[in-house]
file input.cif (mmCIF, C-alpha atoms and all ligand atoms)
data_my_file
loop_
_atom_site.label_atom_id
_atom_site.label_comp_id
_atom_site.auth_asym_id
_atom_site.auth_seq_id
_atom_site.Cartn_x
_atom_site.Cartn_y
_atom_site.Cartn_z
CA MET A 29 0.00 0.00 0.00
CA SER A 30 1.47 3.38 -0.94
CA GLU A 31 1.56 6.44 1.25
CA LEU A 32 -0.83 9.38 1.48
CA ASN A 33 1.28 12.40 2.44
CA LEU A 34 -1.22 15.24 2.64
CA ILE A 35 -1.30 18.83 3.78
CA LEU A 36 -4.38 20.95 4.42
CA LEU A 37 -4.09 24.56 3.28
CA GLY A 38 -6.47 27.44 3.78
CA PRO A 39 -7.09 30.49 5.94
CA PRO A 40 -7.60 30.20 9.68
CA GLY A 41 -11.19 29.13 10.26
CA ALA A 42 -11.56 27.54 6.81
CA GLY A 43 -12.48 24.21 8.37
CA LYS A 44 -9.13 22.41 8.20
CA GLY A 45 -9.42 20.92 11.69
CA THR A 46 -13.06 19.98 11.13
CA GLN A 47 -12.20 18.13 7.93
CA ALA A 48 -8.99 16.59 9.31
CA ASP A 49 -10.93 15.00 12.14
CA ARG A 50 -13.15 13.24 9.60
CA LEU A 51 -10.45 12.34 7.07
CA ARG A 52 -8.27 10.84 9.77
CA GLU A 53 -10.97 8.24 10.36
CA ASP A 54 -11.61 7.62 6.64
CA PHE A 55 -7.98 6.97 5.78
CA SER A 56 -6.40 6.08 9.17
CA LEU A 57 -3.87 8.87 8.91
CA PRO A 58 -2.21 10.60 11.84
CA HIS A 59 -3.55 14.16 12.09
CA ILE A 60 -0.65 16.48 12.86
CA ALA A 61 -2.10 19.87 13.83
CA THR A 62 0.61 22.38 14.63
CA GLY A 63 -1.78 24.72 16.47
CA ASP A 64 -2.97 21.87 18.75
CA ILE A 65 0.63 20.77 19.40
CA LEU A 66 1.64 24.33 20.28
CA ARG A 67 -1.39 24.89 22.53
CA ALA A 68 -0.61 21.64 24.38
CA GLN A 69 2.94 22.90 24.97
CA VAL A 70 1.59 26.21 26.25
CA ALA A 71 -0.78 24.37 28.63
CA GLU A 72 2.10 22.21 29.91
CA GLY A 73 4.28 25.26 30.40
CA THR A 74 7.25 23.82 28.48
CA GLU A 75 10.04 26.04 27.19
CA LEU A 76 8.69 25.70 23.66
CA GLY A 77 5.23 26.66 24.89
CA ARG A 78 6.58 29.72 26.69
CA GLU A 79 8.40 30.79 23.54
CA ALA A 80 5.35 30.27 21.34
CA LYS A 81 2.66 31.85 23.51
CA SER A 82 3.31 35.55 22.86
CA PHE A 83 3.34 34.99 19.10
CA MET A 84 0.12 32.96 19.21
CA ASP A 85 -1.67 35.50 21.40
CA ALA A 86 -0.67 38.24 18.95
CA GLY A 87 -1.88 36.19 15.96
CA LYS A 88 1.63 36.04 14.47
CA LEU A 89 3.50 32.94 13.29
CA VAL A 90 5.84 31.41 15.85
CA PRO A 91 9.43 31.48 14.56
CA ASP A 92 10.42 28.72 12.14
CA GLU A 93 13.20 27.52 14.49
CA VAL A 94 10.58 26.65 17.08
CA ILE A 95 8.36 24.63 14.80
CA VAL A 96 10.17 23.22 11.77
CA GLY A 97 12.39 20.67 13.58
CA MET A 98 9.45 19.42 15.58
CA ILE A 99 7.23 18.81 12.55
CA VAL A 100 9.96 17.31 10.38
CA GLU A 101 10.72 14.83 13.18
CA ARG A 102 7.05 14.00 13.54
CA VAL A 103 6.60 13.35 9.81
CA ALA A 104 9.59 10.99 9.85
CA GLY A 105 8.22 9.20 12.94
CA GLY A 106 6.80 5.68 13.03
CA ASP A 107 3.09 6.45 12.99
CA ALA A 108 3.47 8.67 9.89
CA ARG A 109 5.36 6.02 7.91
CA ASP A 110 2.32 5.25 5.74
CA GLY A 111 1.30 8.88 5.43
CA PHE A 112 0.07 11.88 7.36
CA LEU A 113 -2.40 14.71 7.35
CA LEU A 114 -0.63 17.96 8.19
CA ASP A 115 -2.93 20.73 9.40
CA GLY A 116 -1.45 24.20 9.89
CA PHE A 117 1.98 23.44 8.43
CA PRO A 118 3.59 24.68 6.24
CA ARG A 119 2.54 28.31 6.72
CA ASN A 120 5.32 30.04 4.80
CA ARG A 121 7.80 29.34 2.05
CA GLN A 122 10.68 28.37 4.39
CA GLN A 123 8.49 25.78 6.09
CA ALA A 124 7.34 24.42 2.72
CA ASP A 125 10.96 24.08 1.60
CA ALA A 126 11.91 22.37 4.86
CA LEU A 127 9.07 19.88 4.47
CA GLY A 128 9.99 19.20 0.83
CA GLU A 129 13.63 18.58 1.75
CA ALA A 130 12.71 16.32 4.65
CA LEU A 131 10.43 14.23 2.43
CA SER A 132 13.06 13.98 -0.35
CA GLY A 133 15.60 12.87 2.26
CA LEU A 134 13.21 10.05 3.19
CA GLU A 135 12.59 9.26 -0.51
CA ARG A 136 8.99 10.29 -0.11
CA HIS A 137 6.92 12.96 -1.81
CA LEU A 138 3.86 15.06 -1.09
CA THR A 139 0.72 13.40 -2.47
CA ALA A 140 -1.41 16.54 -2.44
CA ALA A 141 -2.00 19.96 -0.93
CA LEU A 142 -5.74 20.19 -0.17
CA LEU A 143 -6.82 23.83 -0.27
CA ILE A 144 -10.07 24.79 1.49
CA GLU A 145 -11.17 28.17 0.09
CA VAL A 146 -13.32 30.54 2.18
CA PRO A 147 -13.66 34.35 1.83
CA ASP A 148 -12.43 36.63 4.63
CA ASP A 149 -15.84 37.74 5.96
CA GLU A 150 -16.90 34.12 6.43
CA VAL A 151 -13.57 33.33 8.12
CA VAL A 152 -14.23 36.08 10.66
CA ARG A 153 -17.74 34.71 11.42
CA ARG A 154 -16.35 31.21 11.83
CA MET A 155 -13.49 32.10 14.15
CA ALA A 156 -15.66 34.35 16.30
CA GLY A 157 -18.18 31.53 16.87
CA ARG A 158 -15.69 28.65 17.17
CA ARG A 159 -15.78 26.59 20.37
CA VAL A 160 -13.51 23.65 21.15
CA CYS A 161 -13.61 20.79 23.63
CA VAL A 162 -11.54 21.51 26.73
CA LYS A 163 -10.32 17.88 26.77
CA ASN A 164 -9.83 17.11 23.08
CA PRO A 165 -9.24 20.12 20.79
CA THR A 166 -10.01 18.09 17.66
CA HIS A 167 -13.68 18.22 18.70
CA ILE A 168 -14.67 21.53 17.09
CA TYR A 169 -18.05 23.29 17.13
CA HIS A 170 -19.60 26.58 16.06
CA VAL A 171 -22.28 28.40 18.07
CA ASP A 172 -24.45 28.88 14.94
CA PHE A 173 -23.10 26.66 12.13
CA ASP A 174 -22.34 23.48 14.07
CA PRO A 175 -23.78 23.74 17.59
CA PRO A 176 -23.42 20.94 20.13
CA LYS A 177 -26.59 19.13 21.28
CA HIS A 178 -26.35 20.84 24.69
CA GLU A 179 -25.07 24.41 24.74
CA GLY A 180 -21.46 24.68 25.87
CA VAL A 181 -20.92 20.90 26.22
CA CYS A 182 -18.92 18.56 23.95
CA ASP A 183 -21.17 15.90 22.36
CA GLN A 184 -18.38 13.33 22.47
CA ASP A 185 -16.73 13.94 25.84
CA GLY A 186 -19.49 15.60 27.86
CA VAL A 187 -17.07 18.30 29.06
CA ARG A 188 -16.99 22.07 28.74
CA LEU A 189 -16.47 23.88 25.42
CA ILE A 190 -14.17 26.90 25.44
CA GLN A 191 -13.25 29.77 23.16
CA ARG A 192 -9.60 29.86 22.08
CA ASP A 193 -7.55 32.79 23.41
CA ASP A 194 -6.67 33.86 19.87
CA ASP A 195 -10.26 33.76 18.53
CA LYS A 196 -10.76 37.40 19.54
CA GLU A 197 -11.64 40.09 17.02
CA GLU A 198 -8.34 42.00 16.88
CA THR A 199 -6.28 38.80 16.75
CA ILE A 200 -8.52 37.35 14.06
CA ARG A 201 -7.73 40.32 11.80
CA THR A 202 -3.97 39.95 12.33
CA ARG A 203 -4.15 36.23 11.60
CA LEU A 204 -5.93 36.90 8.31
CA GLU A 205 -3.25 39.44 7.33
CA VAL A 206 -0.52 36.96 8.20
CA TYR A 207 -2.31 34.32 6.11
CA HIS A 208 -2.55 36.55 3.04
CA ALA A 209 1.05 37.75 3.32
CA GLN A 210 2.86 34.54 4.23
CA THR A 211 0.73 31.45 3.66
CA GLU A 212 -1.32 32.32 0.56
CA PRO A 213 1.78 32.32 -1.70
CA LEU A 214 2.00 28.57 -1.04
CA ILE A 215 -1.08 28.10 -3.24
CA ALA A 216 0.94 29.10 -6.32
CA TYR A 217 3.92 27.13 -5.04
CA TYR A 218 1.97 23.85 -4.77
CA ASP A 219 -0.03 24.57 -7.93
CA GLY A 220 3.28 24.92 -9.77
CA ALA A 221 4.36 21.58 -8.34
CA GLY A 222 1.15 20.00 -9.71
CA VAL A 223 -0.14 18.82 -6.32
CA LEU A 224 -2.79 21.45 -5.51
CA ARG A 225 -6.44 20.40 -5.14
CA ARG A 226 -9.07 23.09 -4.46
CA PHE A 227 -12.28 22.74 -2.44
CA ASP A 228 -15.15 25.17 -1.91
CA GLY A 229 -15.09 25.60 1.86
CA THR A 230 -18.33 27.62 1.94
CA ARG A 231 -20.41 24.44 1.52
CA ASP A 232 -21.65 22.67 4.62
CA PRO A 233 -19.11 20.50 6.45
CA ASP A 234 -20.58 17.19 5.18
CA GLU A 235 -20.41 18.35 1.57
CA VAL A 236 -16.85 19.61 1.91
CA HIS A 237 -15.94 16.30 3.50
CA ALA A 238 -17.55 14.27 0.71
CA HIS A 239 -15.60 16.21 -1.94
CA ILE A 240 -12.25 15.90 -0.18
CA ARG A 241 -12.79 12.23 0.62
CA ALA A 242 -13.59 11.42 -3.02
CA THR A 243 -10.46 13.25 -4.18
CA VAL A 244 -8.21 11.56 -1.64
CA ALA A 245 -9.67 8.14 -2.51
CA THR A 246 -8.82 8.79 -6.18
CA LEU A 247 -5.31 9.93 -5.26
CA ARG A 248 -4.80 6.74 -3.31
CA LEU A 249 -5.88 4.65 -6.29
CA GLU A 250 -3.50 6.59 -8.55
CA GLU A 251 -0.62 6.13 -6.07
CA ASN A 252 -1.25 2.39 -6.17
CA LEU A 253 -1.22 2.11 -9.97
P1 LIG B 1 -6.04 28.46 12.76
O1 LIG B 1 -6.20 27.28 11.89
O2 LIG B 1 -7.30 28.93 13.37
O3 LIG B 1 -5.21 29.56 12.17
P2 LIG B 1 -3.99 27.08 14.31
O4 LIG B 1 -4.49 26.33 15.49
O5 LIG B 1 -3.54 26.32 13.13
O6 LIG B 1 -5.14 28.12 14.01
O7 LIG B 1 -2.78 28.03 14.75
C1 LIG B 1 -2.87 28.87 15.88
C2 LIG B 1 -1.59 29.66 16.04
O8 LIG B 1 -0.48 28.78 16.25
C3 LIG B 1 -1.18 30.50 14.82
O9 LIG B 1 -1.83 31.76 14.80
C4 LIG B 1 0.33 30.63 15.04
O10 LIG B 1 0.64 31.58 16.05
C5 LIG B 1 0.69 29.25 15.59
N1 LIG B 1 1.05 28.31 14.51
C6 LIG B 1 0.37 27.20 14.12
N2 LIG B 1 1.00 26.58 13.10
C7 LIG B 1 2.12 27.30 12.84
C8 LIG B 1 3.18 27.20 11.89
N3 LIG B 1 3.23 26.20 10.98
N4 LIG B 1 4.16 28.14 11.91
C9 LIG B 1 4.14 29.15 12.80
N5 LIG B 1 3.16 29.32 13.70
C10 LIG B 1 2.15 28.41 13.74
P1 LIG B 2 -9.40 25.75 10.87
O1 LIG B 2 -8.82 24.48 11.43
O2 LIG B 2 -9.20 25.89 9.40
O3 LIG B 2 -8.95 26.96 11.63
P2 LIG B 2 -11.93 24.83 12.05
O4 LIG B 2 -12.11 23.45 11.54
O5 LIG B 2 -11.50 24.98 13.46
O6 LIG B 2 -10.97 25.67 11.06
O7 LIG B 2 -13.33 25.59 11.82
C1 LIG B 2 -13.50 26.96 12.20
C2 LIG B 2 -14.95 27.17 12.69
O8 LIG B 2 -15.84 27.08 11.59
C3 LIG B 2 -15.42 26.15 13.71
O9 LIG B 2 -16.26 26.79 14.63
C4 LIG B 2 -16.21 25.13 12.87
O10 LIG B 2 -17.26 24.52 13.63
C5 LIG B 2 -16.79 26.00 11.76
N1 LIG B 2 -16.87 25.31 10.46
C6 LIG B 2 -16.00 24.42 9.93
N2 LIG B 2 -16.38 24.04 8.70
C7 LIG B 2 -17.52 24.73 8.43
C8 LIG B 2 -18.41 24.76 7.28
N3 LIG B 2 -18.16 24.04 6.19
N4 LIG B 2 -19.46 25.60 7.36
C9 LIG B 2 -19.70 26.35 8.48
N5 LIG B 2 -18.91 26.34 9.57
C10 LIG B 2 -17.83 25.54 9.56
#
call {"tool": "encode", "arguments": {"input": "input.cif", "output": "structure tokens"}}
result
Amino acid sequence: MSELNLILLGPPGAGKGTQADRLREDFSLPHIATGDILRAQVAEGTELGREAKSFMDAGKLVPDEVIVGMIVERVAGGDARDGFLLDGFPRNRQQADALGEALSGLERHLTAALLIEVPDDEVVRRMAGRRVCVKNPTHIYHVDFDPPKHEGVCDQDGVRLIQRDDDKEETIRTRLEVYHAQTEPLIAYYDGAGVLRRFDGTRDPDEVHAHIRATVATLRLEENL
């Protein structure tokens, strides 16, 4: 069986985490979410977490030195041997180059960059209403678009839902600017490499999921030919 080495691209709030949670189950891929990893480090109070926190609170990217080594190591690790689903990395050209070099060094290649497209005004609505499970941050809800069965409580874990520190209006605007300036150029980069696949992220989550799943299933068939 060949590998599925996938990255999810798109603005903050596009639905990358929502889709990754579903795709992980469809294709048994490890979901490597840089934001979740960083937030766990912040919660544990590690040195990395302390370094990252001020950047995250300001809506800026944490420095490449903090993140690149960690992700490259993770991609080379045992559970990602048959593939991975990277969510939130790469976010700039240097990170994309580092990932490309790491994969070449392992004689692997990127299968696809899955781009979820959503306009800025929708992104703002989504981030402002996002709530996440206090125990498992991959359980993501929205107060209007994807509410839990009981207000403020995770359907799966029965624990409290919280708003992320950086889902505040001023930070949301900075994060969008950072996305347009630093991450958006990766669309042309991966398009040029022939691995870009685009999805309309304004559809409802089930529809977006169905489209991505069908594309990834086709990619897997092609990899096996
Ligand atoms: P969202 O998808 O809503 O933008 P993430 O959870 O992916 O949020 O990221 C939250 C924050 O973590 C970012 O604003 C940034 O500060 C930091 N971060 C996440 N991934 C990276 C990365 N690849 N490089 C630098 N900083 C990152
Ligand atoms: P990202 O990981 O790209 O930052 P999330 O998956 O965390 O994005 O989704 C951001 C917010 O938007 C969450 O509150 C989520 O419930 C909601 N959301 C995700 N996908 C959709 C969709 N297709 N339509 C409406 N809301 C969505």
call {"tool": "atom_distance", "arguments": {"input": "input.cif", "atom1": "atom O2 of ligand LIG 2 (chain B)", "atom2": "atom CA of A:Gly45"}}
result
5.5 Å
call {"tool": "residues_near_ligand", "arguments": {"input": "input.cif", "ligand": "ligand LIG 1 (chain B)", "cutoff": "6 Å", "atoms": "all atoms listed in the file", "output": "list in words"}}
result
Pro40, Gly41, Thr62, Gly63, Asp64, Phe83, Met84, Gly87, Lys88, Leu89, Val90, Gly116, Phe117, Pro118, Arg119 and Arg203 of chain A
call {"tool": "closest_residue", "arguments": {"input": "input.cif", "among": "A:Thr166, A:Thr243, A:Gln123, A:Thr202", "to": "ligand LIG 2 (chain B)", "atoms": "all atoms listed in the file"}}
result
A:Thr166
call {"tool": "closest_residue", "arguments": {"input": "input.cif", "among": "A:Asp232, A:Glu250, A:Asp115, A:Glu145", "to": "A:Ile65", "atoms": "all atoms listed in the file"}}
result
A:Asp115
call {"tool": "residues_near_ligand", "arguments": {"input": "input.cif", "ligand": "ligand LIG 2 (chain B)", "cutoff": "7 Å", "atoms": "all atoms listed in the file", "output": "number ranges by chain"}}
result
A: 38-47, 154-155, 157-159, 168-170, 173-174, 229-233, 236
call {"tool": "residues_around", "arguments": {"input": "input.cif", "residues": "A:Gly220", "least_positions_apart": "6", "cutoff": "12 Å", "atoms": "all atoms listed in the file", "output": "NGL selection string"}}
result
:A and (141 or 213-214)
call {"tool": "residues_around", "arguments": {"input": "input.cif", "residues": "A:Ile240", "least_positions_apart": "2", "cutoff": "9 Å", "atoms": "all atoms listed in the file", "output": "mmCIF file with C-alpha atoms, keeping the file's coordinate frame"}}
result
data_model
loop_
_atom_site.group_PDB
_atom_site.id
_atom_site.type_symbol
_atom_site.label_atom_id
_atom_site.label_comp_id
_atom_site.auth_asym_id
_atom_site.auth_seq_id
_atom_site.Cartn_x
_atom_site.Cartn_y
_atom_site.Cartn_z
ATOM 1 C CA GLN A 47 -12.200 18.130 7.930
ATOM 2 C CA LEU A 51 -10.450 12.340 7.070
ATOM 3 C CA LEU A 142 -5.740 20.190 -0.170
ATOM 4 C CA ARG A 225 -6.440 20.400 -5.140
ATOM 5 C CA ARG A 226 -9.070 23.090 -4.460
ATOM 6 C CA PHE A 227 -12.280 22.740 -2.440
ATOM 7 C CA GLU A 235 -20.410 18.350 1.570
ATOM 8 C CA VAL A 236 -16.850 19.610 1.910
ATOM 9 C CA HIS A 237 -15.940 16.300 3.500
ATOM 10 C CA ALA A 238 -17.550 14.270 0.710
ATOM 11 C CA ALA A 242 -13.590 11.420 -3.020
ATOM 12 C CA THR A 243 -10.460 13.250 -4.180
ATOM 13 C CA VAL A 244 -8.210 11.560 -1.640
ATOM 14 C CA ALA A 245 -9.670 8.140 -2.510
#
call {"tool": "residues_around", "arguments": {"input": "input.cif", "residues": "A:Ser30", "least_positions_apart": "2", "cutoff": "10 Å", "atoms": "all atoms listed in the file", "output": "ChimeraX atom specification"}}
result
/A:32-33,110-111,248-253
call {"tool": "closest_residue", "arguments": {"input": "input.cif", "among": "A:Arg78, A:Arg67, A:Arg241, A:His59", "to": "A:Phe112", "atoms": "all atoms listed in the file"}}
result
A:His59
call {"tool": "residues_around", "arguments": {"input": "input.cif", "residues": "A:Val187", "least_positions_apart": "3", "cutoff": "9 Å", "atoms": "only C-alpha atoms", "output": "short mmCIF file (atom, residue, chain, number, x, y, z; two decimals) with C-alpha atoms, keeping the file's coordinate frame"}}
result
data_model
loop_
_atom_site.label_atom_id
_atom_site.label_comp_id
_atom_site.auth_asym_id
_atom_site.auth_seq_id
_atom_site.Cartn_x
_atom_site.Cartn_y
_atom_site.Cartn_z
CA CYS A 161 -13.61 20.79 23.63
CA VAL A 162 -11.54 21.51 26.73
CA LYS A 163 -10.32 17.88 26.77
CA GLY A 180 -21.46 24.68 25.87
CA VAL A 181 -20.92 20.90 26.22
CA CYS A 182 -18.92 18.56 23.95
CA ASP A 183 -21.17 15.90 22.36
CA GLN A 184 -18.38 13.33 22.47
#
call {"tool": "decode", "arguments": {"input": "input.cif", "residues": "stretch 54-66 of chain A", "atoms": "all heavy atoms", "output": "PDB file, in the first residue's frame"}}
result
ATOM      1  N   ASP A  54     -11.414   8.260   7.955  1.00  0.00           N
ATOM      2  CA  ASP A  54     -11.608   7.618   6.644  1.00  0.00           C
ATOM      3  C   ASP A  54     -10.360   6.877   6.186  1.00  0.00           C
ATOM      4  O   ASP A  54     -10.441   5.814   5.602  1.00  0.00           O
ATOM      5  CB  ASP A  54     -11.890   8.671   5.547  1.00  0.00           C
ATOM      6  CG  ASP A  54     -13.181   9.423   5.772  1.00  0.00           C
ATOM      7  OD1 ASP A  54     -14.085   8.858   6.393  1.00  0.00           O
ATOM      8  OD2 ASP A  54     -13.270  10.579   5.309  1.00  0.00           O
ATOM      9  N   PHE A  55      -9.195   7.502   6.400  1.00  0.00           N
ATOM     10  CA  PHE A  55      -7.975   6.966   5.785  1.00  0.00           C
ATOM     11  C   PHE A  55      -6.931   6.511   6.813  1.00  0.00           C
ATOM     12  O   PHE A  55      -5.804   6.213   6.451  1.00  0.00           O
ATOM     13  CB  PHE A  55      -7.367   8.013   4.830  1.00  0.00           C
ATOM     14  CG  PHE A  55      -8.300   8.380   3.706  1.00  0.00           C
ATOM     15  CD1 PHE A  55      -9.047   9.545   3.752  1.00  0.00           C
ATOM     16  CD2 PHE A  55      -8.455   7.535   2.613  1.00  0.00           C
ATOM     17  CE1 PHE A  55      -9.925   9.881   2.721  1.00  0.00           C
ATOM     18  CE2 PHE A  55      -9.329   7.857   1.581  1.00  0.00           C
ATOM     19  CZ  PHE A  55     -10.067   9.032   1.627  1.00  0.00           C
ATOM     20  N   SER A  56      -7.312   6.467   8.076  1.00  0.00           N
ATOM     21  CA  SER A  56      -6.396   6.083   9.173  1.00  0.00           C
ATOM     22  C   SER A  56      -5.056   6.795   9.097  1.00  0.00           C
ATOM     23  O   SER A  56      -4.005   6.143   9.111  1.00  0.00           O
ATOM     24  CB  SER A  56      -6.115   4.577   9.192  1.00  0.00           C
ATOM     25  OG  SER A  56      -7.219   3.848   8.931  1.00  0.00           O
ATOM     26  N   LEU A  57      -5.115   8.104   8.973  1.00  0.00           N
ATOM     27  CA  LEU A  57      -3.871   8.875   8.909  1.00  0.00           C
ATOM     28  C   LEU A  57      -3.665   9.629  10.214  1.00  0.00           C
ATOM     29  O   LEU A  57      -4.627  10.125  10.790  1.00  0.00           O
ATOM     30  CB  LEU A  57      -3.958   9.917   7.782  1.00  0.00           C
ATOM     31  CG  LEU A  57      -4.012   9.389   6.370  1.00  0.00           C
ATOM     32  CD1 LEU A  57      -4.328  10.530   5.404  1.00  0.00           C
ATOM     33  CD2 LEU A  57      -2.689   8.741   5.995  1.00  0.00           C
ATOM     34  N   PRO A  58      -2.423   9.744  10.679  1.00  0.00           N
ATOM     35  CA  PRO A  58      -2.211  10.601  11.844  1.00  0.00           C
ATOM     36  C   PRO A  58      -2.453  12.062  11.481  1.00  0.00           C
ATOM     37  O   PRO A  58      -1.988  12.535  10.443  1.00  0.00           O
ATOM     38  CB  PRO A  58      -0.748  10.361  12.215  1.00  0.00           C
ATOM     39  CG  PRO A  58      -0.106   9.781  11.016  1.00  0.00           C
ATOM     40  CD  PRO A  58      -1.181   9.117  10.208  1.00  0.00           C
ATOM     41  N   HIS A  59      -3.223  12.747  12.316  1.00  0.00           N
ATOM     42  CA  HIS A  59      -3.552  14.160  12.094  1.00  0.00           C
ATOM     43  C   HIS A  59      -2.545  14.979  12.890  1.00  0.00           C
ATOM     44  O   HIS A  59      -2.533  14.928  14.115  1.00  0.00           O
ATOM     45  CB  HIS A  59      -4.988  14.406  12.586  1.00  0.00           C
ATOM     46  CG  HIS A  59      -5.397  15.833  12.637  1.00  0.00           C
ATOM     47  ND1 HIS A  59      -6.431  16.287  13.418  1.00  0.00           N
ATOM     48  CD2 HIS A  59      -4.929  16.931  11.997  1.00  0.00           C
ATOM     49  CE1 HIS A  59      -6.583  17.587  13.271  1.00  0.00           C
ATOM     50  NE2 HIS A  59      -5.664  18.011  12.412  1.00  0.00           N
ATOM     51  N   ILE A  60      -1.691  15.698  12.193  1.00  0.00           N
ATOM     52  CA  ILE A  60      -0.653  16.483  12.861  1.00  0.00           C
ATOM     53  C   ILE A  60      -1.042  17.948  12.752  1.00  0.00           C
ATOM     54  O   ILE A  60      -0.894  18.562  11.691  1.00  0.00           O
ATOM     55  CB  ILE A  60       0.725  16.229  12.201  1.00  0.00           C
ATOM     56  CG1 ILE A  60       1.017  14.714  12.169  1.00  0.00           C
ATOM     57  CG2 ILE A  60       1.818  16.994  12.948  1.00  0.00           C
ATOM     58  CD1 ILE A  60       2.256  14.338  11.369  1.00  0.00           C
ATOM     59  N   ALA A  61      -1.602  18.486  13.844  1.00  0.00           N
ATOM     60  CA  ALA A  61      -2.102  19.865  13.829  1.00  0.00           C
ATOM     61  C   ALA A  61      -1.136  20.734  14.626  1.00  0.00           C
ATOM     62  O   ALA A  61      -1.051  20.608  15.855  1.00  0.00           O
ATOM     63  CB  ALA A  61      -3.502  19.919  14.428  1.00  0.00           C
ATOM     64  N   THR A  62      -0.419  21.602  13.942  1.00  0.00           N
ATOM     65  CA  THR A  62       0.613  22.384  14.635  1.00  0.00           C
ATOM     66  C   THR A  62       0.007  23.269  15.724  1.00  0.00           C
ATOM     67  O   THR A  62       0.590  23.401  16.791  1.00  0.00           O
ATOM     68  CB  THR A  62       1.427  23.253  13.654  1.00  0.00           C
ATOM     69  OG1 THR A  62       0.559  23.850  12.723  1.00  0.00           O
ATOM     70  CG2 THR A  62       2.462  22.442  12.953  1.00  0.00           C
ATOM     71  N   GLY A  63      -1.152  23.868  15.465  1.00  0.00           N
ATOM     72  CA  GLY A  63      -1.785  24.720  16.470  1.00  0.00           C
ATOM     73  C   GLY A  63      -2.097  23.919  17.738  1.00  0.00           C
ATOM     74  O   GLY A  63      -1.835  24.376  18.854  1.00  0.00           O
ATOM     75  N   ASP A  64      -2.641  22.705  17.579  1.00  0.00           N
ATOM     76  CA  ASP A  64      -2.968  21.871  18.747  1.00  0.00           C
ATOM     77  C   ASP A  64      -1.694  21.481  19.502  1.00  0.00           C
ATOM     78  O   ASP A  64      -1.673  21.467  20.730  1.00  0.00           O
ATOM     79  CB  ASP A  64      -3.715  20.589  18.308  1.00  0.00           C
ATOM     80  CG  ASP A  64      -5.128  20.889  17.825  1.00  0.00           C
ATOM     81  OD1 ASP A  64      -5.621  22.008  18.068  1.00  0.00           O
ATOM     82  OD2 ASP A  64      -5.733  20.005  17.184  1.00  0.00           O
ATOM     83  N   ILE A  65      -0.640  21.157  18.755  1.00  0.00           N
ATOM     84  CA  ILE A  65       0.629  20.773  19.403  1.00  0.00           C
ATOM     85  C   ILE A  65       1.165  21.956  20.209  1.00  0.00           C
ATOM     86  O   ILE A  65       1.554  21.817  21.363  1.00  0.00           O
ATOM     87  CB  ILE A  65       1.664  20.321  18.340  1.00  0.00           C
ATOM     88  CG1 ILE A  65       1.196  19.027  17.669  1.00  0.00           C
ATOM     89  CG2 ILE A  65       3.048  20.134  18.968  1.00  0.00           C
ATOM     90  CD1 ILE A  65       2.029  18.608  16.454  1.00  0.00           C
ATOM     91  N   LEU A  66       1.131  23.146  19.586  1.00  0.00           N
ATOM     92  CA  LEU A  66       1.643  24.330  20.277  1.00  0.00           C
ATOM     93  C   LEU A  66       0.798  24.662  21.515  1.00  0.00           C
ATOM     94  O   LEU A  66       1.335  24.968  22.578  1.00  0.00           O
ATOM     95  CB  LEU A  66       1.678  25.536  19.328  1.00  0.00           C
ATOM     96  CG  LEU A  66       2.725  25.456  18.207  1.00  0.00           C
ATOM     97  CD1 LEU A  66       2.492  26.564  17.179  1.00  0.00           C
ATOM     98  CD2 LEU A  66       4.139  25.575  18.780  1.00  0.00           C
TER      99      LEU A  66
END
